[in-house]
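One file, my_file22.txt, is given below (compact mmCIF, C-alpha atoms).
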```
# COMPACT_ATOMS: atom_id res chain seq x y z
CA MET A 287 0.00 0.00 0.00
CA ILE A 288 1.52 3.25 -1.13
CA GLY A 289 2.00 5.86 1.54
CA ALA A 290 0.45 3.67 4.23
CA LYS A 291 1.44 4.88 7.67
CA LEU A 292 2.83 1.63 9.01
CA ARG A 293 4.36 3.27 12.04
CA ASN A 294 5.12 6.67 13.40
CA MET A 295 7.42 7.55 10.53
CA ALA A 296 8.39 10.98 9.26
CA THR A 297 5.84 12.62 6.98
CA SER A 298 6.49 13.41 3.32
CA GLU A 299 6.54 17.11 4.21
CA GLU A 300 9.19 16.56 6.91
CA ILE A 301 11.27 14.46 4.53
CA ARG A 302 11.04 17.04 1.72
CA LYS A 303 12.08 19.79 4.14
CA VAL A 304 15.20 17.86 5.20
CA CYS A 305 16.13 17.17 1.55
CA SER A 306 15.84 20.87 0.85
CA GLU A 307 18.00 21.70 3.89
CA TYR A 308 20.51 19.10 2.79
CA VAL A 309 20.95 20.71 -0.62
CA THR A 310 21.07 24.22 0.88
CA THR A 311 23.65 23.37 3.55
CA VAL A 312 25.89 21.35 1.24
CA GLU A 313 25.79 24.19 -1.29
CA ALA A 314 26.71 26.65 1.47
CA GLY A 315 29.56 24.46 2.70
CA ASP A 316 27.96 24.40 6.15
CA PHE A 317 29.09 20.88 7.00
CA ASP A 318 28.00 21.14 10.66
CA ALA A 319 24.44 21.84 9.55
CA THR A 320 24.61 19.05 6.96
CA ALA A 321 25.89 16.51 9.50
CA ALA A 322 23.09 17.46 11.90
CA LEU A 323 20.52 16.22 9.37
CA PHE A 324 21.80 12.65 9.76
CA ALA A 325 21.07 10.04 12.42
CA ASP A 326 23.96 9.07 14.72
CA ASN A 327 24.56 5.76 12.97
CA ALA A 328 23.78 6.90 9.42
CA ILE A 329 25.57 5.75 6.27
CA VAL A 330 26.58 8.03 3.40
CA ASP A 331 27.40 6.05 0.28
CA ASP A 332 28.41 8.87 -2.02
CA ALA A 333 29.59 8.33 -5.58
CA VAL A 334 32.24 11.04 -5.17
CA SER A 335 33.97 9.17 -2.37
CA GLY A 336 33.24 5.56 -3.27
CA VAL A 337 33.89 4.52 0.34
CA PRO A 338 30.84 4.80 2.61
CA ALA A 339 31.07 7.16 5.59
CA ILE A 340 29.50 5.45 8.60
CA GLY A 341 28.39 7.37 11.68
CA ARG A 342 27.96 11.11 12.10
CA PRO A 343 31.63 11.96 12.80
CA ALA A 344 32.73 10.28 9.56
CA ILE A 345 29.83 11.90 7.72
CA ARG A 346 30.78 15.32 9.07
CA ALA A 347 34.38 14.76 7.94
CA PHE A 348 33.18 13.76 4.48
CA TYR A 349 31.18 16.97 4.03
CA GLU A 350 33.99 19.04 5.56
CA GLY A 351 36.27 17.59 2.90
CA LEU A 352 33.75 18.41 0.18
CA ALA A 353 33.37 21.97 1.45
CA ALA A 354 37.15 22.46 1.47
CA ARG A 355 37.58 21.09 -2.01
CA ALA A 356 34.96 22.36 -4.39
CA ARG A 357 31.94 24.59 -4.11
CA GLY A 358 29.16 24.32 -6.61
CA ALA A 359 25.77 25.90 -7.07
CA PHE A 360 22.95 23.37 -6.88
CA GLU A 361 19.68 23.51 -8.76
CA MET A 362 16.87 21.03 -8.13
CA MET A 363 15.68 19.51 -11.42
CA GLY A 364 12.27 18.41 -10.19
CA LYS A 365 10.32 17.82 -7.05
CA VAL A 366 11.62 15.56 -4.30
CA ASN A 367 9.90 12.21 -4.77
CA VAL A 368 8.97 10.58 -1.47
CA ARG A 369 7.97 6.93 -1.21
CA ASP A 370 7.23 5.78 2.32
CA ASN A 371 10.40 6.67 4.29
CA THR A 372 12.64 7.18 1.24
CA ALA A 373 13.21 10.22 -0.93
CA ALA A 374 14.83 10.57 -4.35
CA PHE A 375 15.73 13.79 -6.11
CA GLN A 376 17.94 15.05 -8.91
CA PHE A 377 19.87 18.30 -9.07
CA LYS A 378 22.39 20.07 -11.26
CA VAL A 379 25.83 20.90 -9.92
CA VAL A 380 27.26 24.04 -11.49
CA ILE A 381 30.89 25.05 -10.93
CA ASP A 382 32.32 28.15 -12.60
CA GLY A 383 29.25 28.35 -14.82
CA GLN A 384 29.62 24.78 -16.08
CA ILE A 385 27.22 21.93 -15.32
CA VAL A 386 29.55 19.25 -13.97
CA GLY A 387 26.91 16.67 -13.07
CA GLU A 388 23.25 15.92 -12.50
CA PRO A 389 23.38 13.56 -9.51
CA ILE A 390 20.43 11.69 -8.08
CA ASP A 391 20.39 11.17 -4.33
CA VAL A 392 18.30 8.47 -2.64
CA MET A 393 17.82 8.93 1.12
CA THR A 394 16.07 6.74 3.68
CA PHE A 395 14.80 8.44 6.84
CA ASP A 396 14.31 7.23 10.38
CA ASP A 397 11.11 7.84 12.31
CA HIS A 398 12.50 11.12 13.67
CA GLY A 399 13.09 12.60 10.22
CA LYS A 400 16.86 12.09 10.31
CA ILE A 401 18.68 10.71 7.28
CA LEU A 402 19.63 7.11 8.00
CA TRP A 403 21.12 6.15 4.64
CA MET A 404 22.07 8.07 1.55
CA ARG A 405 23.26 6.75 -1.79
CA SER A 406 24.14 9.05 -4.64
CA TYR A 407 24.25 8.38 -8.36
CA TRP A 408 26.50 10.86 -10.07
CA GLY A 409 26.37 11.55 -13.78
CA THR A 410 28.97 13.60 -15.53
CA VAL A 411 27.50 15.60 -18.38
CA MET B 232 36.71 2.95 -6.41
CA ILE B 233 34.27 4.56 -8.78
CA GLY B 234 33.56 2.65 -11.95
CA ALA B 235 36.06 -0.09 -11.11
CA LYS B 236 35.46 -3.15 -13.24
CA LEU B 237 35.20 -5.71 -10.47
CA ARG B 238 33.94 -8.41 -12.78
CA ASN B 239 32.61 -8.86 -16.25
CA MET B 240 29.67 -6.54 -15.68
CA ALA B 241 27.69 -4.57 -18.21
CA THR B 242 29.31 -1.32 -19.34
CA SER B 243 27.86 2.11 -18.64
CA GLU B 244 27.06 2.44 -22.34
CA GLU B 245 25.14 -0.87 -22.35
CA ILE B 246 23.26 0.14 -19.21
CA ARG B 247 22.35 3.58 -20.61
CA LYS B 248 21.11 1.97 -23.82
CA VAL B 249 18.80 -0.38 -21.89
CA CYS B 250 17.45 2.51 -19.79
CA SER B 251 16.67 4.40 -22.98
CA GLU B 252 14.95 1.32 -24.47
CA TYR B 253 13.01 0.90 -21.24
CA VAL B 254 11.59 4.42 -21.43
CA THR B 255 10.87 4.10 -25.15
CA THR B 256 9.11 0.75 -24.91
CA VAL B 257 7.05 1.67 -21.83
CA GLU B 258 6.00 4.91 -23.54
CA ALA B 259 5.00 2.91 -26.64
CA GLY B 260 3.05 0.39 -24.57
CA ASP B 261 5.19 -2.39 -26.04
CA PHE B 262 5.13 -4.56 -22.92
CA ASP B 263 6.74 -7.55 -24.65
CA ALA B 264 9.76 -5.43 -25.52
CA THR B 265 9.84 -3.96 -22.01
CA ALA B 266 9.70 -7.39 -20.36
CA ALA B 267 12.55 -8.61 -22.59
CA LEU B 268 14.87 -6.04 -20.98
CA PHE B 269 14.59 -7.83 -17.62
CA ALA B 270 16.40 -10.90 -16.31
CA ASP B 271 14.31 -14.04 -15.76
CA ASN B 272 14.23 -13.62 -11.99
CA ALA B 273 14.06 -9.81 -11.88
CA ILE B 274 12.10 -7.74 -9.39
CA VAL B 275 10.07 -4.65 -10.27
CA ASP B 276 9.22 -2.61 -7.19
CA ASP B 277 7.17 0.14 -8.77
CA ALA B 278 5.57 2.92 -6.78
CA VAL B 279 2.43 2.74 -8.97
CA SER B 280 1.73 -0.85 -7.97
CA GLY B 281 3.15 -0.98 -4.46
CA VAL B 282 3.43 -4.77 -4.69
CA PRO B 283 6.66 -5.99 -6.30
CA ALA B 284 6.38 -8.04 -9.49
CA ILE B 285 8.83 -10.94 -9.28
CA GLY B 286 9.98 -12.88 -12.34
CA ARG B 287 9.53 -11.97 -15.98
CA PRO B 288 5.94 -13.28 -16.40
CA ALA B 289 4.74 -11.12 -13.49
CA ILE B 290 6.77 -8.20 -14.82
CA ARG B 291 5.26 -8.61 -18.29
CA ALA B 292 1.77 -8.64 -16.73
CA PHE B 293 2.56 -5.48 -14.78
CA TYR B 294 3.58 -3.57 -17.90
CA GLU B 295 0.67 -5.04 -19.87
CA GLY B 296 -1.61 -3.61 -17.19
CA LEU B 297 0.10 -0.23 -17.39
CA ALA B 298 -0.20 -0.19 -21.19
CA ALA B 299 -3.91 -0.99 -21.00
CA ARG B 300 -4.60 1.67 -18.39
CA ALA B 301 -2.82 4.88 -19.16
CA ARG B 302 -0.46 6.09 -21.82
CA GLY B 303 1.83 8.98 -21.14
CA ALA B 304 4.58 10.75 -23.01
CA PHE B 305 7.93 10.47 -21.25
CA GLU B 306 10.67 13.06 -21.28
CA MET B 307 14.08 12.43 -19.71
CA MET B 308 15.03 15.25 -17.35
CA GLY B 309 18.76 14.63 -17.37
CA LYS B 310 21.31 12.05 -18.29
CA VAL B 311 21.12 8.50 -16.99
CA ASN B 312 23.50 8.31 -14.04
CA VAL B 313 25.36 5.00 -13.91
CA ARG B 314 27.26 3.89 -10.83
CA ASP B 315 28.87 0.47 -11.16
CA ASN B 316 25.97 -1.83 -12.14
CA THR B 317 23.19 0.55 -11.12
CA ALA B 318 21.50 3.35 -13.04
CA ALA B 319 19.29 6.18 -11.85
CA PHE B 320 17.32 8.59 -14.01
CA GLN B 321 14.40 10.99 -13.76
CA PHE B 322 11.73 11.67 -16.35
CA LYS B 323 8.53 13.62 -16.75
CA VAL B 324 5.27 11.77 -17.40
CA VAL B 325 2.85 13.83 -19.47
CA ILE B 326 -0.76 12.72 -19.95
CA ASP B 327 -3.19 14.87 -21.92
CA GLY B 328 -0.71 17.73 -21.86
CA GLN B 329 -0.39 17.68 -18.06
CA ILE B 330 2.76 16.70 -16.16
CA VAL B 331 1.43 14.04 -13.77
CA GLY B 332 4.74 13.09 -12.18
CA GLU B 333 8.51 13.22 -12.36
CA PRO B 334 9.49 9.72 -11.24
CA ILE B 335 13.02 8.57 -10.55
CA ASP B 336 13.84 4.96 -11.44
CA VAL B 337 16.79 3.10 -9.93
CA MET B 338 17.80 -0.08 -11.79
CA THR B 339 20.45 -2.67 -11.00
CA PHE B 340 21.79 -4.71 -13.91
CA ASP B 341 23.17 -8.21 -14.15
CA ASP B 342 26.41 -9.02 -15.96
CA HIS B 343 24.51 -9.58 -19.22
CA GLY B 344 22.98 -6.10 -19.25
CA LYS B 345 19.53 -7.28 -18.16
CA ILE B 346 17.62 -5.38 -15.48
CA LEU B 347 17.73 -7.41 -12.28
CA TRP B 348 15.95 -5.01 -9.94
CA MET B 349 14.02 -1.80 -10.42
CA ARG B 350 12.64 0.55 -7.80
CA SER B 351 10.73 3.66 -8.73
CA TYR B 352 10.15 6.83 -6.75
CA TRP B 353 7.10 8.60 -8.02
CA GLY B 354 6.41 12.25 -7.36
CA THR B 355 3.10 13.83 -8.15
CA VAL B 356 3.51 17.44 -9.22
```
What would you get if you wrote out this structure as structure tokens?
Amino acid sequence: MIGAKLRNMATSEEIRKVCSEYVTTVEAGDFDATAALFADNAIVDDAVSGVPAIGRPAIRAFYEGLAARARGAFEMMGKVNVRDNTAAFQFKVVIDGQIVGEPIDVMTFDDHGKILWMRSYWGTV
Amino acid sequence: MIGAKLRNMATSEEIRKVCSEYVTTVEAGDFDATAALFADNAIVDDAVSGVPAIGRPAIRAFYEGLAARARGAFEMMGKVNVRDNTAAFQFKVVIDGQIVGEPIDVMTFDDHGKILWMRSYWGTV
């Protein structure tokens, strides 16, 4: 059953809000704010790294490294699609006026609206 | 390691070609051609159905049902992002001139370039 409330899980609105904050904080290089969106024991399986970051300290370090390295402007390409406790969305990454990729992120949320698992699919253009 | 060839898996080009054929054949309502893109024991976990279709006969029936019910025009929103043996892409679904959704499909491929697993995230607009 689509969208059935099986338990006290985060709502679609809560999930969409966190996805939006994720994109905003990563774009701003605010890695503390990004890390705070994740659950303590979350997993970030990002295509850029290739090695999953497990737990919030490792996740914070991953985004700190990203912020230190490259800063891009992000542009959502469509709405955030939410299915039960999982969201998927695509966005453009623009660096120095060039589109360098149109990644898709898939994120699963815990019942408190924290990101529990993220996997990104990165496409160079 | 991104894109490492761990085994004799399908190439990114092969995977992108199948994703393109998937979109084209579903749009055309050619459910035989769609079903042929899947492995024998594949799983389709589509947001529209909510109940996974397991094995090619069930998958064929699922797409036959879709073809009989509603026909939309599909428009890719970006490139197909391939990470190892998995692809993710987003497309618009237009019915009677209205955008009814911008789903994201995630597909994992077997070593022969057949779709082994598909999960869709559907967003109403």
With a distance cut-off of 9 Å and all atoms listed in the file, select the neighbouring residues of Ala299 of chain B, excluding the residue or stretch itself and same-chain residues fewer than 4 positions from it, and output the selection as a list in words.
Gly260, Tyr294 and Glu295 of chain B
Please tabulate, as a Markdown table, the residues of chain B that come within 9 Å of chain A, each with its closest pair of atoms and the distance in Å to one decimal, counting only C-alpha atoms and ordering rows by chain, then residue number upward.
```
| residue | atom | partner | partner_atom | distance |
| --- | --- | --- | --- | --- |
| B:Met232 | CA | A:Gly336 | CA | 5.4 |
| B:Ile233 | CA | A:Gly336 | CA | 5.7 |
| B:Ala278 | CA | A:Ile288 | CA | 7.0 |
| B:Val279 | CA | A:Ile288 | CA | 7.9 |
| B:Ser280 | CA | A:Ile288 | CA | 8.0 |
| B:Gly281 | CA | A:Met287 | CA | 5.5 |
| B:Val282 | CA | A:Met287 | CA | 7.5 |
| B:Met308 | CA | A:Met363 | CA | 7.3 |
| B:Gly309 | CA | A:Glu388 | CA | 6.7 |
| B:Lys310 | CA | A:Gly409 | CA | 6.8 |
| B:Val311 | CA | A:Gly409 | CA | 6.9 |
| B:Asn312 | CA | A:Gly409 | CA | 4.3 |
| B:Val313 | CA | A:Tyr407 | CA | 6.6 |
| B:Arg314 | CA | A:Tyr407 | CA | 5.9 |
| B:Thr317 | CA | A:Tyr407 | CA | 8.4 |
| B:Ala318 | CA | A:Tyr407 | CA | 7.4 |
| B:Ala319 | CA | A:Tyr407 | CA | 6.5 |
| B:Phe320 | CA | A:Ile390 | CA | 7.4 |
| B:Gln321 | CA | A:Gln376 | CA | 7.2 |
| B:Lys323 | CA | A:Gly364 | CA | 8.9 |
| B:Gly332 | CA | A:Lys365 | CA | 8.9 |
| B:Glu333 | CA | A:Gly364 | CA | 6.8 |
| B:Pro334 | CA | A:Asn367 | CA | 6.9 |
| B:Ile335 | CA | A:Ala374 | CA | 6.8 |
| B:Ser351 | CA | A:Arg369 | CA | 8.7 |
| B:Tyr352 | CA | A:Asn367 | CA | 5.7 |
| B:Trp353 | CA | A:Asn367 | CA | 5.6 |
| B:Gly354 | CA | A:Asn367 | CA | 4.3 |
| B:Thr355 | CA | A:Asn367 | CA | 7.8 |
| B:Val356 | CA | A:Lys365 | CA | 7.2 |
```
Nearest to Arg287 of chain B among B:Ala270, B:Ile246, B:Val325, B:Met307, with distances taken over all atoms listed in the file: which residue is it?
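Result for the nearest residue to Arg287 of chain B: B:Ala270.
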Could you superpose chain B on chain A by least squares over every Cα, matched in sequence order, and send it back as a compact mmCIF listing (two decimals) with C-alpha atoms, keeping the file's coordinate frame?
```txt
# COMPACT_ATOMS: atom_id res chain seq x y z
CA MET B 232 -0.02 0.24 -0.25
CA ILE B 233 1.49 3.52 -1.30
CA GLY B 234 2.09 6.01 1.46
CA ALA B 235 0.55 3.76 4.11
CA LYS B 236 1.52 4.91 7.58
CA LEU B 237 2.88 1.64 8.88
CA ARG B 238 4.36 3.22 11.96
CA ASN B 239 5.14 6.60 13.39
CA MET B 240 7.46 7.53 10.54
CA ALA B 241 8.41 10.96 9.30
CA THR B 242 5.86 12.60 7.01
CA SER B 243 6.50 13.39 3.36
CA GLU B 244 6.54 17.09 4.25
CA GLU B 245 9.20 16.54 6.94
CA ILE B 246 11.28 14.44 4.56
CA ARG B 247 11.04 17.03 1.75
CA LYS B 248 12.07 19.78 4.16
CA VAL B 249 15.19 17.85 5.21
CA CYS B 250 16.12 17.16 1.57
CA SER B 251 15.84 20.87 0.85
CA GLU B 252 17.99 21.70 3.91
CA TYR B 253 20.50 19.09 2.79
CA VAL B 254 20.94 20.71 -0.62
CA THR B 255 21.06 24.20 0.88
CA THR B 256 23.62 23.38 3.56
CA VAL B 257 25.88 21.35 1.25
CA GLU B 258 25.77 24.19 -1.29
CA ALA B 259 26.69 26.66 1.48
CA GLY B 260 29.54 24.46 2.70
CA ASP B 261 27.94 24.41 6.15
CA PHE B 262 29.08 20.88 7.01
CA ASP B 263 28.00 21.14 10.65
CA ALA B 264 24.44 21.85 9.56
CA THR B 265 24.61 19.07 6.96
CA ALA B 266 25.88 16.52 9.49
CA ALA B 267 23.09 17.47 11.91
CA LEU B 268 20.51 16.22 9.38
CA PHE B 269 21.81 12.65 9.77
CA ALA B 270 21.08 10.04 12.43
CA ASP B 271 23.96 9.08 14.74
CA ASN B 272 24.58 5.77 12.99
CA ALA B 273 23.80 6.90 9.42
CA ILE B 274 25.58 5.75 6.29
CA VAL B 275 26.59 8.03 3.41
CA ASP B 276 27.42 6.05 0.29
CA ASP B 277 28.41 8.87 -2.02
CA ALA B 278 29.58 8.31 -5.57
CA VAL B 279 32.24 11.04 -5.17
CA SER B 280 33.98 9.18 -2.36
CA GLY B 281 33.26 5.57 -3.25
CA VAL B 282 33.91 4.52 0.35
CA PRO B 283 30.86 4.82 2.62
CA ALA B 284 31.09 7.17 5.59
CA ILE B 285 29.52 5.47 8.60
CA GLY B 286 28.38 7.38 11.69
CA ARG B 287 27.95 11.12 12.08
CA PRO B 288 31.63 11.98 12.80
CA ALA B 289 32.73 10.29 9.56
CA ILE B 290 29.84 11.91 7.72
CA ARG B 291 30.78 15.34 9.08
CA ALA B 292 34.38 14.77 7.93
CA PHE B 293 33.17 13.77 4.47
CA TYR B 294 31.18 16.98 4.03
CA GLU B 295 33.98 19.05 5.57
CA GLY B 296 36.26 17.60 2.89
CA LEU B 297 33.75 18.41 0.17
CA ALA B 298 33.36 21.99 1.44
CA ALA B 299 37.13 22.48 1.46
CA ARG B 300 37.57 21.09 -2.04
CA ALA B 301 34.94 22.36 -4.39
CA ARG B 302 31.93 24.59 -4.13
CA GLY B 303 29.14 24.30 -6.62
CA ALA B 304 25.75 25.88 -7.09
CA PHE B 305 22.94 23.35 -6.87
CA GLU B 306 19.67 23.50 -8.75
CA MET B 307 16.85 21.02 -8.14
CA MET B 308 15.65 19.50 -11.40
CA GLY B 309 12.25 18.39 -10.17
CA LYS B 310 10.31 17.80 -7.03
CA VAL B 311 11.60 15.55 -4.28
CA ASN B 312 9.90 12.19 -4.74
CA VAL B 313 8.98 10.58 -1.43
CA ARG B 314 7.98 6.93 -1.18
CA ASP B 315 7.24 5.77 2.35
CA ASN B 316 10.41 6.67 4.30
CA THR B 317 12.64 7.17 1.26
CA ALA B 318 13.22 10.22 -0.91
CA ALA B 319 14.82 10.56 -4.32
CA PHE B 320 15.72 13.79 -6.10
CA GLN B 321 17.94 15.03 -8.90
CA PHE B 322 19.86 18.28 -9.06
CA LYS B 323 22.35 20.05 -11.27
CA VAL B 324 25.81 20.88 -9.92
CA VAL B 325 27.24 24.02 -11.48
CA ILE B 326 30.88 25.01 -10.93
CA ASP B 327 32.31 28.10 -12.62
CA GLY B 328 29.24 28.32 -14.83
CA GLN B 329 29.61 24.74 -16.09
CA ILE B 330 27.18 21.91 -15.32
CA VAL B 331 29.53 19.22 -13.98
CA GLY B 332 26.89 16.64 -13.09
CA GLU B 333 23.23 15.91 -12.49
CA PRO B 334 23.37 13.54 -9.51
CA ILE B 335 20.42 11.68 -8.08
CA ASP B 336 20.39 11.16 -4.31
CA VAL B 337 18.30 8.46 -2.63
CA MET B 338 17.82 8.93 1.13
CA THR B 339 16.08 6.74 3.69
CA PHE B 340 14.81 8.43 6.84
CA ASP B 341 14.33 7.22 10.38
CA ASP B 342 11.14 7.82 12.34
CA HIS B 343 12.52 11.11 13.69
CA GLY B 344 13.10 12.60 10.24
CA LYS B 345 16.87 12.09 10.33
CA ILE B 346 18.68 10.70 7.29
CA LEU B 347 19.64 7.11 8.01
CA TRP B 348 21.14 6.15 4.66
CA MET B 349 22.09 8.07 1.55
CA ARG B 350 23.26 6.75 -1.79
CA SER B 351 24.14 9.04 -4.64
CA TYR B 352 24.24 8.36 -8.36
CA TRP B 353 26.48 10.84 -10.06
CA GLY B 354 26.34 11.54 -13.76
CA THR B 355 28.96 13.58 -15.51
CA VAL B 356 27.48 15.59 -18.36
```
Which residue gives the smallest distance to Asp342 of chain B among B:Gln329, B:Asn239, B:Thr256, B:Asn272, with only C-alpha atoms counted?
B:Asn239
What does the structure give for the distance between atom CA of Ala296 of chain A and atom CA of Leu323 of chain A, in Å to one decimal?
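So the two atoms, atom CA of Ala296 of chain A and atom CA of Leu323 of chain A, lie 13.2 Å apart.
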To one decimal in Å, tell me the separation between atom CA of Phe324 of chain A and atom CA of Pro343 of chain A.
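Separation between atom CA of Phe324 of chain A and atom CA of Pro343 of chain A: 10.3 Å.
Taking all atoms listed in the file into account, those protein, DNA and RNA residues with any atom at most 10 Å away from (28.0, 12.5, 12.5) amount to Asp318, Thr320, Ala321, Ala322, Leu323, Phe324, Ala325, Asp326, Asn327, Ala328, Ile329, Ala339, Ile340, Gly341, Arg342, Pro343, Ala344, Ile345, Arg346, Ala347 and Phe348 of chain A.
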Limited to C-alpha atoms, could you put the picked residues into a file as a PDB file, in the frame of the given file?
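See result.pdb below for the written result:
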```pdb
ATOM      1  CA  ASP A 318      28.000  21.140  10.660  1.00  0.00           C
ATOM      2  CA  THR A 320      24.610  19.050   6.960  1.00  0.00           C
ATOM      3  CA  ALA A 321      25.890  16.510   9.500  1.00  0.00           C
ATOM      4  CA  ALA A 322      23.090  17.460  11.900  1.00  0.00           C
ATOM      5  CA  LEU A 323      20.520  16.220   9.370  1.00  0.00           C
ATOM      6  CA  PHE A 324      21.800  12.650   9.760  1.00  0.00           C
ATOM      7  CA  ALA A 325      21.070  10.040  12.420  1.00  0.00           C
ATOM      8  CA  ASP A 326      23.960   9.070  14.720  1.00  0.00           C
ATOM      9  CA  ASN A 327      24.560   5.760  12.970  1.00  0.00           C
ATOM     10  CA  ALA A 328      23.780   6.900   9.420  1.00  0.00           C
ATOM     11  CA  ILE A 329      25.570   5.750   6.270  1.00  0.00           C
ATOM     12  CA  ALA A 339      31.070   7.160   5.590  1.00  0.00           C
ATOM     13  CA  ILE A 340      29.500   5.450   8.600  1.00  0.00           C
ATOM     14  CA  GLY A 341      28.390   7.370  11.680  1.00  0.00           C
ATOM     15  CA  ARG A 342      27.960  11.110  12.100  1.00  0.00           C
ATOM     16  CA  PRO A 343      31.630  11.960  12.800  1.00  0.00           C
ATOM     17  CA  ALA A 344      32.730  10.280   9.560  1.00  0.00           C
ATOM     18  CA  ILE A 345      29.830  11.900   7.720  1.00  0.00           C
ATOM     19  CA  ARG A 346      30.780  15.320   9.070  1.00  0.00           C
ATOM     20  CA  ALA A 347      34.380  14.760   7.940  1.00  0.00           C
ATOM     21  CA  PHE A 348      33.180  13.760   4.480  1.00  0.00           C
TER      22      PHE A 348
END
```
Atom CA of Lys303 of chain A to atom CA of Val275 of chain B, distance in Å rounded to a single decimal
28.4 Å
Using all atoms of segment 301-317 of chain B listed in the file and a margin of 4 Å per side, can you give the axis-aligned box centre and edge lengths in Å to one decimal, as lines of an AutoDock Vina configuration file?
```
center_x = 13.0
center_y = 6.7
center_z = -16.9
size_x = 39.7
size_y = 25.1
size_z = 20.2
```
Find the residues near Thr297 of chain A: any atom within 8 Å, counting all atoms listed in the file, skip ones fewer than 3 places away on the same chain, and give them as a ChimeraX atom specification.
/A:300-301,371,399
